[in-house]
file input29.tsv (TSV, C-alpha atoms and all ligand atoms)
chain	number	residue	atom	x	y	z
D	1	MET	CA	-23.12	-12.24	-5.51
D	2	ALA	CA	-20.72	-15.02	-4.51
D	3	LYS	CA	-17.19	-13.77	-3.97
D	4	LYS	CA	-14.30	-15.23	-5.93
D	5	GLY	CA	-12.12	-15.93	-2.91
D	6	ARG	CA	-10.16	-14.18	-0.18
D	7	VAL	CA	-7.67	-11.39	-0.80
D	8	PHE	CA	-5.02	-10.35	1.69
D	9	SER	CA	-2.86	-7.28	1.57
D	10	GLY	CA	-0.81	-5.33	4.06
D	11	ILE	CA	-0.02	-1.63	4.00
D	12	ARG	CA	2.65	0.09	6.04
D	13	PRO	CA	1.65	2.66	8.65
D	14	THR	CA	3.42	5.53	7.01
D	15	GLY	CA	1.03	8.13	8.39
D	16	ARG	CA	-1.08	10.20	6.06
D	17	ALA	CA	-1.29	8.53	2.67
D	18	HIS	CA	-0.22	10.38	-0.44
D	19	LEU	CA	-1.37	10.26	-4.04
D	20	GLY	CA	1.17	7.54	-4.81
D	21	ASN	CA	-0.30	5.26	-2.10
D	22	TYR	CA	-3.79	6.09	-3.29
D	23	LEU	CA	-3.28	5.40	-6.99
D	24	GLY	CA	-0.81	2.57	-6.48
D	25	ALA	CA	-2.65	0.55	-3.83
D	26	ILE	CA	-5.62	2.03	-1.97
D	27	GLN	CA	-7.86	2.55	-4.99
D	28	ASN	CA	-7.27	-1.06	-5.91
D	29	TYR	CA	-8.08	-2.21	-2.36
D	30	VAL	CA	-11.41	-0.47	-2.64
D	31	ALA	CA	-12.22	-1.99	-6.04
D	32	LEU	CA	-11.33	-5.54	-4.94
D	33	GLN	CA	-14.06	-5.44	-2.31
D	34	ASP	CA	-16.67	-5.90	-5.03
D	35	ASP	CA	-15.37	-9.32	-6.06
D	36	TYR	CA	-13.43	-10.69	-3.09
D	37	GLU	CA	-13.67	-11.18	0.62
D	38	CYS	CA	-10.93	-8.76	1.65
D	39	VAL	CA	-8.55	-8.85	4.60
D	40	TYR	CA	-6.48	-5.67	4.87
D	41	CYS	CA	-3.90	-5.16	7.52
D	42	ILE	CA	-1.87	-2.15	8.63
D	43	VAL	CA	1.51	-3.78	9.13
D	44	ASP	CA	2.96	-2.11	12.20
D	45	LEU	CA	5.30	-5.04	12.95
D	46	HIS	CA	6.81	-4.78	9.48
D	47	ALA	CA	7.38	-1.10	10.12
D	48	LEU	CA	9.65	-1.97	13.05
D	49	THR	CA	12.21	-3.42	10.64
D	50	THR	CA	12.97	0.03	9.28
D	51	VAL	CA	11.59	2.50	11.81
D	52	GLU	CA	13.85	2.96	14.83
D	53	ASP	CA	11.95	5.82	16.41
D	54	THR	CA	8.45	4.55	17.14
D	55	GLU	CA	7.19	7.73	18.75
D	56	ASN	CA	4.70	8.31	15.91
D	57	LEU	CA	3.84	4.68	15.14
D	58	ARG	CA	0.40	4.75	16.79
D	59	GLN	CA	-0.54	8.05	15.25
D	60	ASN	CA	0.72	6.95	11.84
D	61	THR	CA	-1.31	3.75	12.07
D	62	HIS	CA	-4.40	5.77	12.93
D	63	GLU	CA	-3.78	8.17	10.04
D	64	MET	CA	-3.46	5.28	7.58
D	65	ALA	CA	-6.70	3.77	8.90
D	66	LEU	CA	-8.42	7.12	8.35
D	67	ASP	CA	-7.23	7.27	4.75
D	68	LEU	CA	-8.30	3.69	4.03
D	69	LEU	CA	-11.76	4.25	5.46
D	70	ALA	CA	-12.11	7.61	3.74
D	71	ALA	CA	-11.11	6.10	0.40
D	72	GLY	CA	-13.92	3.57	0.61
D	73	ILE	CA	-12.89	0.50	2.61
D	74	ARG	CA	-16.17	-0.91	3.94
D	75	PRO	CA	-15.43	-2.21	7.44
D	76	GLN	CA	-18.72	-4.10	7.79
D	77	GLU	CA	-17.70	-6.50	5.04
D	78	THR	CA	-13.92	-6.07	4.81
D	79	ILE	CA	-11.67	-7.09	7.69
D	80	LEU	CA	-9.49	-4.07	8.45
D	81	PHE	CA	-7.09	-4.41	11.37
D	82	VAL	CA	-3.63	-3.77	12.76
D	83	GLN	CA	-1.09	-6.56	12.31
D	84	SER	CA	0.15	-6.69	15.91
D	85	HIS	CA	-3.41	-7.04	17.22
D	86	VAL	CA	-3.37	-10.63	15.98
D	87	PRO	CA	-0.28	-12.07	17.71
D	88	GLU	CA	-0.71	-15.49	16.06
D	89	VAL	CA	1.18	-14.03	13.11
D	90	THR	CA	4.42	-13.94	15.13
D	91	GLU	CA	4.05	-17.59	16.10
D	92	LEU	CA	3.51	-18.61	12.49
D	93	HIS	CA	6.47	-16.43	11.49
D	94	MET	CA	8.65	-18.40	13.90
D	95	ILE	CA	7.43	-21.78	12.67
D	96	LEU	CA	7.86	-20.83	9.00
D	97	SER	CA	11.40	-19.61	9.77
D	98	MET	CA	12.34	-23.26	10.35
D	99	VAL	CA	11.63	-24.19	6.74
D	100	THR	CA	13.32	-21.11	5.26
D	101	PRO	CA	16.94	-21.31	4.11
D	102	LEU	CA	18.82	-18.19	5.19
D	103	GLY	CA	20.56	-17.85	1.82
D	104	LYS	CA	17.25	-17.49	0.06
D	105	LEU	CA	16.36	-14.51	2.23
D	106	THR	CA	19.67	-12.74	1.83
D	107	ASP	CA	19.51	-13.27	-1.95
D	108	LEU	CA	16.23	-11.41	-2.35
D	109	PRO	CA	16.71	-8.12	-4.26
D	110	THR	CA	14.52	-6.25	-1.77
D	111	PHE	CA	16.78	-7.31	1.11
D	112	LYS	CA	19.88	-6.16	-0.78
D	113	GLU	CA	18.18	-2.85	-1.48
D	114	LYS	CA	17.37	-2.38	2.21
D	115	VAL	CA	20.97	-3.13	3.16
D	116	ARG	CA	22.01	-0.36	0.80
D	117	GLN	CA	19.42	2.00	2.24
D	118	GLN	CA	20.10	1.36	5.93
D	119	PRO	CA	23.60	-0.16	6.29
D	120	ASP	CA	23.69	0.69	10.01
D	121	ASN	CA	20.46	-1.13	10.80
D	122	VAL	CA	20.58	-4.53	9.10
D	123	ASN	CA	18.58	-6.26	11.79
D	124	TYR	CA	17.38	-9.83	12.10
D	125	GLY	CA	13.77	-8.74	11.48
D	126	LEU	CA	14.78	-7.18	8.19
D	127	VAL	CA	16.21	-10.47	6.95
D	128	GLY	CA	13.06	-12.31	8.02
D	129	TYR	CA	10.69	-9.72	6.57
D	130	PRO	CA	9.49	-12.01	3.73
D	131	VAL	CA	8.81	-14.79	6.24
D	132	LEU	CA	6.59	-12.47	8.26
D	133	MET	CA	4.92	-11.40	5.03
D	134	THR	CA	4.30	-15.06	4.17
D	135	ALA	CA	2.90	-15.64	7.65
D	136	ASP	CA	0.49	-12.74	7.12
D	137	ILE	CA	-0.79	-14.17	3.87
D	138	VAL	CA	-1.12	-17.81	4.85
D	139	LEU	CA	-2.44	-17.18	8.36
D	140	TYR	CA	-5.63	-15.79	6.81
D	141	LYS	CA	-5.71	-18.48	4.11
D	142	ALA	CA	-5.68	-15.88	1.36
D	143	ASP	CA	-6.33	-17.21	-2.14
D	144	VAL	CA	-4.93	-14.19	-3.88
D	145	VAL	CA	-2.60	-11.34	-3.13
D	146	PRO	CA	-2.68	-8.19	-5.25
D	147	VAL	CA	0.86	-7.24	-6.17
D	148	GLY	CA	2.79	-5.11	-8.55
D	149	ILE	CA	5.52	-6.67	-10.63
D	150	ASP	CA	8.26	-5.57	-8.19
D	151	GLN	CA	6.70	-7.63	-5.40
D	152	ALA	CA	6.34	-10.79	-7.47
D	153	PRO	CA	9.48	-12.41	-5.95
D	154	HIS	CA	7.92	-12.12	-2.48
D	155	ILE	CA	4.81	-13.99	-3.51
D	156	GLU	CA	6.89	-16.64	-5.23
D	157	PHE	CA	8.86	-16.85	-1.99
D	158	ALA	CA	5.61	-17.29	-0.03
D	159	ARG	CA	4.49	-20.06	-2.37
D	160	GLU	CA	7.79	-21.89	-1.99
D	161	THR	CA	7.65	-21.52	1.79
D	162	VAL	CA	4.17	-23.01	1.85
D	163	ARG	CA	5.36	-25.95	-0.27
D	164	SER	CA	8.36	-26.49	2.04
D	165	PHE	CA	6.14	-26.42	5.12
D	166	ASN	CA	3.51	-28.74	3.69
D	167	TYR	CA	6.21	-31.13	2.46
D	168	ARG	CA	8.21	-31.17	5.69
D	169	TYR	CA	5.16	-31.76	7.87
D	170	ASN	CA	3.33	-33.93	5.36
D	171	THR	CA	0.25	-31.76	5.37
D	172	HIS	CA	-1.90	-29.47	3.20
D	173	VAL	CA	-3.00	-27.02	5.84
D	174	LEU	CA	-1.33	-24.01	4.26
D	175	ILE	CA	-2.59	-22.67	0.96
D	176	GLU	CA	-0.26	-21.45	-1.77
D	177	PRO	CA	-1.41	-17.90	-2.55
D	178	GLN	CA	-1.94	-16.87	-6.14
D	179	MET	CA	-0.56	-13.64	-7.42
D	180	LYS	CA	-3.09	-11.16	-8.70
D	181	ASN	CA	-1.20	-8.85	-10.98
D	182	THR	CA	-2.54	-5.40	-10.54
D	183	PRO	CA	-1.90	-2.44	-12.76
D	184	VAL	CA	0.25	-0.60	-10.27
D	185	LEU	CA	0.72	2.93	-11.41
D	186	LYS	CA	4.15	4.34	-10.84
D	187	VAL	CA	3.27	7.79	-9.61
D	188	LEU	CA	6.05	10.32	-9.85
D	189	GLY	CA	6.52	12.95	-7.21
D	190	ILE	CA	6.33	16.69	-7.74
D	191	ASP	CA	9.97	16.60	-8.81
D	192	GLY	CA	8.80	14.69	-11.90
D	193	LYS	CA	11.73	12.25	-11.53
D	194	GLU	CA	11.43	9.96	-8.52
D	195	LYS	CA	8.55	7.79	-7.40
D	196	MET	CA	6.27	9.76	-5.06
D	197	SER	CA	7.48	9.20	-1.53
D	198	LYS	CA	7.29	10.85	1.84
D	199	SER	CA	10.98	10.38	2.53
D	200	LEU	CA	11.83	12.33	-0.64
D	201	ASN	CA	9.33	15.02	0.31
D	202	ASN	CA	7.96	15.02	-3.23
D	203	HIS	CA	4.48	13.91	-2.26
D	204	ILE	CA	0.96	15.34	-2.12
D	205	GLU	CA	-1.10	14.11	0.82
D	206	LEU	CA	-4.64	12.93	0.27
D	207	ALA	CA	-5.70	14.78	3.37
D	208	ALA	CA	-3.95	18.04	2.52
D	209	THR	CA	-6.12	21.14	2.43
D	210	PRO	CA	-7.09	22.50	-1.00
D	211	GLU	CA	-4.65	25.38	-0.44
D	212	GLU	CA	-1.78	23.04	0.46
D	213	THR	CA	-2.60	20.89	-2.56
D	214	THR	CA	-2.58	23.88	-4.89
D	215	LYS	CA	0.74	25.01	-3.47
D	216	ARG	CA	2.29	21.56	-4.04
D	217	VAL	CA	0.89	21.33	-7.56
D	218	ARG	CA	2.37	24.73	-8.35
D	219	GLU	CA	5.76	23.37	-7.30
D	220	MET	CA	5.55	20.50	-9.81
D	221	VAL	CA	8.37	20.23	-12.30
D	222	THR	CA	7.19	20.52	-15.93
D	223	ASP	CA	8.76	19.98	-19.35
D	224	PRO	CA	12.30	21.28	-18.65
D	225	ALA	CA	12.69	22.49	-22.24
D	226	ARG	CA	9.86	24.95	-21.76
D	227	ILE	CA	11.68	27.97	-20.39
D	228	LYS	CA	9.48	30.85	-21.49
D	229	ARG	CA	5.71	31.10	-21.66
D	230	THR	CA	5.98	31.39	-25.43
D	231	ASP	CA	7.96	28.13	-25.80
D	232	PRO	CA	5.82	25.21	-26.95
D	233	GLY	CA	5.84	22.31	-24.46
D	234	ASN	CA	5.68	18.55	-24.67
D	235	PRO	CA	2.93	17.16	-22.42
D	236	ASP	CA	4.11	13.61	-23.08
D	237	ILE	CA	7.12	14.14	-20.83
D	238	CYS	CA	5.36	16.31	-18.25
D	239	ASN	CA	4.13	14.87	-14.96
D	240	VAL	CA	1.49	17.60	-14.70
D	241	PHE	CA	-0.10	16.21	-17.85
D	242	THR	CA	0.11	12.65	-16.46
D	243	MET	CA	-1.86	13.86	-13.44
D	244	HIS	CA	-4.36	15.63	-15.68
D	245	LYS	CA	-5.01	12.30	-17.40
D	246	ILE	CA	-5.85	10.77	-14.03
D	247	PHE	CA	-7.80	13.54	-12.35
D	248	SER	CA	-9.15	15.91	-15.00
D	249	PRO	CA	-12.17	15.59	-17.27
D	250	GLN	CA	-11.39	14.49	-20.81
D	251	SER	CA	-12.16	17.94	-22.19
D	252	ASP	CA	-9.38	19.47	-20.04
D	253	VAL	CA	-6.96	16.69	-20.98
D	254	ASP	CA	-7.64	17.27	-24.68
D	255	MET	CA	-7.30	21.01	-24.31
D	256	VAL	CA	-3.93	20.77	-22.48
D	257	ASN	CA	-2.68	18.21	-24.99
D	258	VAL	CA	-3.28	20.64	-27.84
D	259	GLU	CA	-2.61	24.01	-26.22
D	260	CYS	CA	0.63	23.01	-24.47
D	261	ARG	CA	2.18	22.01	-27.78
D	262	ARG	CA	1.45	25.41	-29.34
D	263	ALA	CA	2.12	27.48	-26.22
D	264	GLY	CA	-1.57	28.32	-26.00
D	265	ILE	CA	-1.57	27.59	-22.27
D	266	GLY	CA	1.10	28.48	-19.72
D	267	CYS	CA	2.38	26.05	-17.12
D	268	VAL	CA	1.04	28.13	-14.24
D	269	GLU	CA	-2.45	28.13	-15.75
D	270	CYS	CA	-2.16	24.41	-16.49
D	271	LYS	CA	-1.22	23.66	-12.88
D	272	VAL	CA	-4.00	25.81	-11.45
D	273	LEU	CA	-6.44	23.81	-13.55
D	274	LEU	CA	-4.95	20.53	-12.33
D	275	ALA	CA	-5.11	21.65	-8.70
D	276	LYS	CA	-8.77	22.58	-9.14
D	277	ASN	CA	-9.61	19.18	-10.63
D	278	LEU	CA	-7.55	17.29	-8.09
D	279	ASN	CA	-9.19	19.10	-5.18
D	280	LYS	CA	-12.61	18.40	-6.67
D	281	HIS	CA	-11.78	14.71	-7.06
D	282	LEU	CA	-10.55	14.44	-3.47
D	283	GLU	CA	-13.33	16.50	-1.90
D	284	PRO	CA	-15.63	13.58	-0.94
D	285	LEU	CA	-12.70	11.57	0.40
D	286	ARG	CA	-11.53	14.48	2.52
D	287	ALA	CA	-15.01	15.09	3.90
D	288	LYS	CA	-15.35	11.44	4.89
D	289	ARG	CA	-11.90	11.48	6.43
D	290	ALA	CA	-12.74	14.54	8.50
D	291	GLU	CA	-15.86	12.77	9.74
D	292	TYR	CA	-13.89	9.69	10.83
D	293	ALA	CA	-11.15	11.88	12.32
D	294	SER	CA	-13.76	13.52	14.54
D	295	LYS	CA	-14.66	10.07	15.92
D	296	PRO	CA	-11.39	8.41	17.00
D	297	ASP	CA	-13.29	5.91	19.19
D	298	LEU	CA	-15.25	4.71	16.17
D	299	VAL	CA	-12.03	4.14	14.22
D	300	MET	CA	-10.59	2.20	17.17
D	301	ASP	CA	-13.78	0.13	17.37
D	302	ILE	CA	-13.52	-0.67	13.65
D	303	LEU	CA	-9.89	-1.80	14.02
D	304	ASN	CA	-10.68	-3.84	17.14
D	305	ASP	CA	-13.62	-5.49	15.45
D	306	GLY	CA	-11.42	-6.25	12.43
D	307	ALA	CA	-8.78	-7.83	14.69
D	308	LYS	CA	-11.43	-9.94	16.39
D	309	ARG	CA	-12.69	-11.28	13.06
D	310	ALA	CA	-9.15	-11.79	11.76
D	311	ARG	CA	-8.23	-13.66	14.93
D	312	VAL	CA	-11.02	-16.18	14.45
D	313	ILE	CA	-9.43	-17.19	11.14
D	314	ALA	CA	-5.89	-16.98	12.57
D	315	GLN	CA	-6.62	-19.18	15.59
D	316	LYS	CA	-8.14	-21.88	13.44
D	317	THR	CA	-5.13	-21.86	11.12
D	318	MET	CA	-2.75	-22.06	14.08
D	319	GLU	CA	-4.60	-25.03	15.54
D	320	GLU	CA	-4.07	-26.83	12.24
D	321	VAL	CA	-0.44	-25.70	12.00
D	322	ARG	CA	0.38	-26.80	15.56
D	323	ALA	CA	-1.22	-30.15	14.92
D	324	ALA	CA	0.72	-30.60	11.67
D	325	VAL	CA	4.01	-29.71	13.37
D	326	GLN	CA	3.03	-31.95	16.29
D	327	LEU	CA	3.75	-29.31	18.86
D	328	PRO	CA	2.87	-30.85	22.21
X	401	LIG	FE1	3.28	20.49	-18.57
X	401	LIG	FE2	1.00	21.80	-18.69
X	401	LIG	FE3	3.32	23.11	-18.89
X	401	LIG	FE4	2.50	21.56	-20.85
X	401	LIG	S1	1.49	23.41	-20.13
X	401	LIG	S2	4.57	21.61	-19.98
X	401	LIG	S3	1.48	19.90	-19.75
X	401	LIG	S4	2.55	22.01	-17.11
call {"tool": "encode", "arguments": {"input": "input29.tsv", "output": "structure tokens"}}
result
Amino acid sequence: MAKKGRVFSGIRPTGRAHLGNYLGAIQNYVALQDDYECVYCIVDLHALTTVEDTENLRQNTHEMALDLLAAGIRPQETILFVQSHVPEVTELHMILSMVTPLGKLTDLPTFKEKVRQQPDNVNYGLVGYPVLMTADIVLYKADVVPVGIDQAPHIEFARETVRSFNYRYNTHVLIEPQMKNTPVLKVLGIDGKEKMSKSLNNHIELAATPEETTKRVREMVTDPARIKRTDPGNPDICNVFTMHKIFSPQSDVDMVNVECRRAGIGCVECKVLLAKNLNKHLEPLRAKRAEYASKPDLVMDILNDGAKRARVIAQKTMEEVRAAVQLP
């Protein structure tokens, strides 16, 4: 079947992915392969804007690649690679910087947020982060970029940058990417309050063992009004129930929905059931991951092959860009 166009997306090398990464992005990456030619990149250069200690960067990149492959990225058809393996992106970043007003970058809400988060490390790369992101997208001539609503300003920024470039150099070589709104699930951590995140240590890793997973699920915060086993609970405000709706069969969801409200099921029992269903759901992914993990050379070959294919597209784009800019 003919594909609808090319999708690009980048994912940070944060090491082993957690359920939030899986439900919020990776599952969608896998699904998009059916309809689009996909280019997925592990953005190690982006990571440098926030990570000062790079001791684990290689390992974290490898771990993310394992999770992507285990989740169902098909490397024969999809281009999966590491951002820094295609150095053309840094050249395009530099050229696009010349058509980017500084004020626009410092006005972006995500930049302001980062300044709040890391006031002692407001580096030049951090300011230019959206320009590098734009370079990523347009270097591979992506038609669409899957984004959640919070990333919409970045895609609008990319579109404006493309227009500025094409206008300044009187060309059409760069394509304005379209936003593909994706139903990004906001997955709460085991604290039931904050978005699932490694830095908050409220996450459950995809690659955790069944025992580790069960332990984490047992730590999940439930309806705070349910103090005693005999108190009725409210599943509508309980993150355990939210997870049941994602990972459990409908019969279990229906049962919890009824029994929780009349104290017919205790929270411990409810969590044990969730852990069982979650482990069952993740079993094939974990088996595939273990298989890839036992063949690190194969994973490296996949990433190298991806970079080679990505570079063919990147070099062609850069030839056109250099010609448009009239670089000698
Ligand atoms: Fe949450 Fe389940 Fe306890 Fe109800 S029984 S409060 S859904 S953990």
call {"tool": "closest_atom_pairs", "arguments": {"input": "input29.tsv", "of": "chain D", "to": "ligand LIG 401 (chain X)", "cutoff": "9 Å", "atoms": "only C-alpha atoms and all ligand atoms", "output": "JSON lines"}}
result
{"residue": "D:Met220", "atom": "CA", "partner": "X:LIG401", "partner_atom": "S4", "distance": 8.0}
{"residue": "D:Val221", "atom": "CA", "partner": "X:LIG401", "partner_atom": "S4", "distance": 7.8}
{"residue": "D:Thr222", "atom": "CA", "partner": "X:LIG401", "partner_atom": "FE1", "distance": 4.7}
{"residue": "D:Asp223", "atom": "CA", "partner": "X:LIG401", "partner_atom": "S2", "distance": 4.5}
{"residue": "D:Pro224", "atom": "CA", "partner": "X:LIG401", "partner_atom": "S2", "distance": 7.9}
{"residue": "D:Ala225", "atom": "CA", "partner": "X:LIG401", "partner_atom": "S2", "distance": 8.5}
{"residue": "D:Arg226", "atom": "CA", "partner": "X:LIG401", "partner_atom": "S2", "distance": 6.5}
{"residue": "D:Arg229", "atom": "CA", "partner": "X:LIG401", "partner_atom": "FE3", "distance": 8.8}
{"residue": "D:Pro232", "atom": "CA", "partner": "X:LIG401", "partner_atom": "FE4", "distance": 7.8}
{"residue": "D:Gly233", "atom": "CA", "partner": "X:LIG401", "partner_atom": "S2", "distance": 4.7}
{"residue": "D:Asn234", "atom": "CA", "partner": "X:LIG401", "partner_atom": "S2", "distance": 5.7}
{"residue": "D:Pro235", "atom": "CA", "partner": "X:LIG401", "partner_atom": "S3", "distance": 4.1}
{"residue": "D:Asp236", "atom": "CA", "partner": "X:LIG401", "partner_atom": "S3", "distance": 7.6}
{"residue": "D:Ile237", "atom": "CA", "partner": "X:LIG401", "partner_atom": "FE1", "distance": 7.8}
{"residue": "D:Cys238", "atom": "CA", "partner": "X:LIG401", "partner_atom": "FE1", "distance": 4.7}
{"residue": "D:Asn239", "atom": "CA", "partner": "X:LIG401", "partner_atom": "FE1", "distance": 6.7}
{"residue": "D:Val240", "atom": "CA", "partner": "X:LIG401", "partner_atom": "S4", "distance": 5.1}
{"residue": "D:Phe241", "atom": "CA", "partner": "X:LIG401", "partner_atom": "S3", "distance": 4.4}
{"residue": "D:Thr242", "atom": "CA", "partner": "X:LIG401", "partner_atom": "S3", "distance": 8.1}
{"residue": "D:His244", "atom": "CA", "partner": "X:LIG401", "partner_atom": "S3", "distance": 8.3}
{"residue": "D:Val256", "atom": "CA", "partner": "X:LIG401", "partner_atom": "S3", "distance": 6.1}
{"residue": "D:Asn257", "atom": "CA", "partner": "X:LIG401", "partner_atom": "S3", "distance": 6.9}
{"residue": "D:Glu259", "atom": "CA", "partner": "X:LIG401", "partner_atom": "S1", "distance": 7.4}
{"residue": "D:Cys260", "atom": "CA", "partner": "X:LIG401", "partner_atom": "FE4", "distance": 4.3}
{"residue": "D:Arg261", "atom": "CA", "partner": "X:LIG401", "partner_atom": "FE4", "distance": 7.0}
{"residue": "D:Ala263", "atom": "CA", "partner": "X:LIG401", "partner_atom": "S1", "distance": 7.4}
{"residue": "D:Gly264", "atom": "CA", "partner": "X:LIG401", "partner_atom": "S1", "distance": 8.2}
{"residue": "D:Ile265", "atom": "CA", "partner": "X:LIG401", "partner_atom": "S1", "distance": 5.6}
{"residue": "D:Gly266", "atom": "CA", "partner": "X:LIG401", "partner_atom": "S1", "distance": 5.1}
{"residue": "D:Cys267", "atom": "CA", "partner": "X:LIG401", "partner_atom": "FE3", "distance": 3.6}
{"residue": "D:Val268", "atom": "CA", "partner": "X:LIG401", "partner_atom": "S4", "distance": 6.9}
{"residue": "D:Glu269", "atom": "CA", "partner": "X:LIG401", "partner_atom": "S1", "distance": 7.5}
{"residue": "D:Cys270", "atom": "CA", "partner": "X:LIG401", "partner_atom": "FE2", "distance": 4.7}
{"residue": "D:Lys271", "atom": "CA", "partner": "X:LIG401", "partner_atom": "S4", "distance": 5.9}
{"residue": "D:Leu274", "atom": "CA", "partner": "X:LIG401", "partner_atom": "FE2", "distance": 8.8}
call {"tool": "atom_distance", "arguments": {"input": "input29.tsv", "atom1": "CA of Leu45 (chain D)", "atom2": "CA of Phe81 (chain D)"}}
result
12.5 Å
call {"tool": "atom_distance", "arguments": {"input": "input29.tsv", "atom1": "CA of Lys295 (chain D)", "atom2": "CA of His62 (chain D)"}}
result
11.5 Å
call {"tool": "atom_distance", "arguments": {"input": "input29.tsv", "atom1": "CA of His203 (chain D)", "atom2": "CA of Val187 (chain D)"}}
result
9.6 Å
call {"tool": "closest_residue", "arguments": {"input": "input29.tsv", "among": "D:Ala142, D:Asp67, D:Leu298, D:Glu52", "to": "Asp120 (chain D)", "atoms": "all atoms listed in the file"}}
result
D:Glu52
call {"tool": "closest_residue", "arguments": {"input": "input29.tsv", "among": "D:Glu156, D:Asp44, D:Asp150, D:Glu194", "to": "Thr182 (chain D)", "atoms": "all atoms listed in the file"}}
result
D:Asp150
call {"tool": "closest_residue", "arguments": {"input": "input29.tsv", "among": "D:Lys114, D:Lys195, D:His172, D:Arg311", "to": "Glu88 (chain D)", "atoms": "all atoms listed in the file"}}
result
D:Arg311
call {"tool": "closest_atom_pairs", "arguments": {"input": "input29.tsv", "of": "region 148-209 of chain D", "to": "region 287-292 of chain D", "cutoff": "12 Å", "atoms": "only C-alpha atoms", "output": "CSV"}}
result
residue,atom,partner,partner_atom,distance
D:Leu206,CA,D:Arg289,CA,9.6
D:Ala207,CA,D:Arg289,CA,7.7
D:Ala208,CA,D:Arg289,CA,11.0
D:Thr209,CA,D:Ala287,CA,10.9
call {"tool": "residues_near_point", "arguments": {"input": "input29.tsv", "point": "(22.0, -2.6, 5.7)", "cutoff": "12 Å", "atoms": "only C-alpha atoms", "output": "VMD selection string"}}
result
chain D and resid 49 to 50 106 110 to 127
call {"tool": "residues_around", "arguments": {"input": "input29.tsv", "residues": "region 20-34 of chain D", "least_positions_apart": "4", "cutoff": "9 Å", "atoms": "all atoms listed in the file", "output": "PyMOL selection string"}}
result
chain D and resi 3+7+9+11+38+40+67-68+71-74+77-78+146-148+182-189+195-197+203-206
call {"tool": "closest_residue", "arguments": {"input": "input29.tsv", "among": "D:His18, D:Arg286, D:Arg6, D:Arg322", "to": "Pro210 (chain D)", "atoms": "only C-alpha atoms"}}
result
D:Arg286
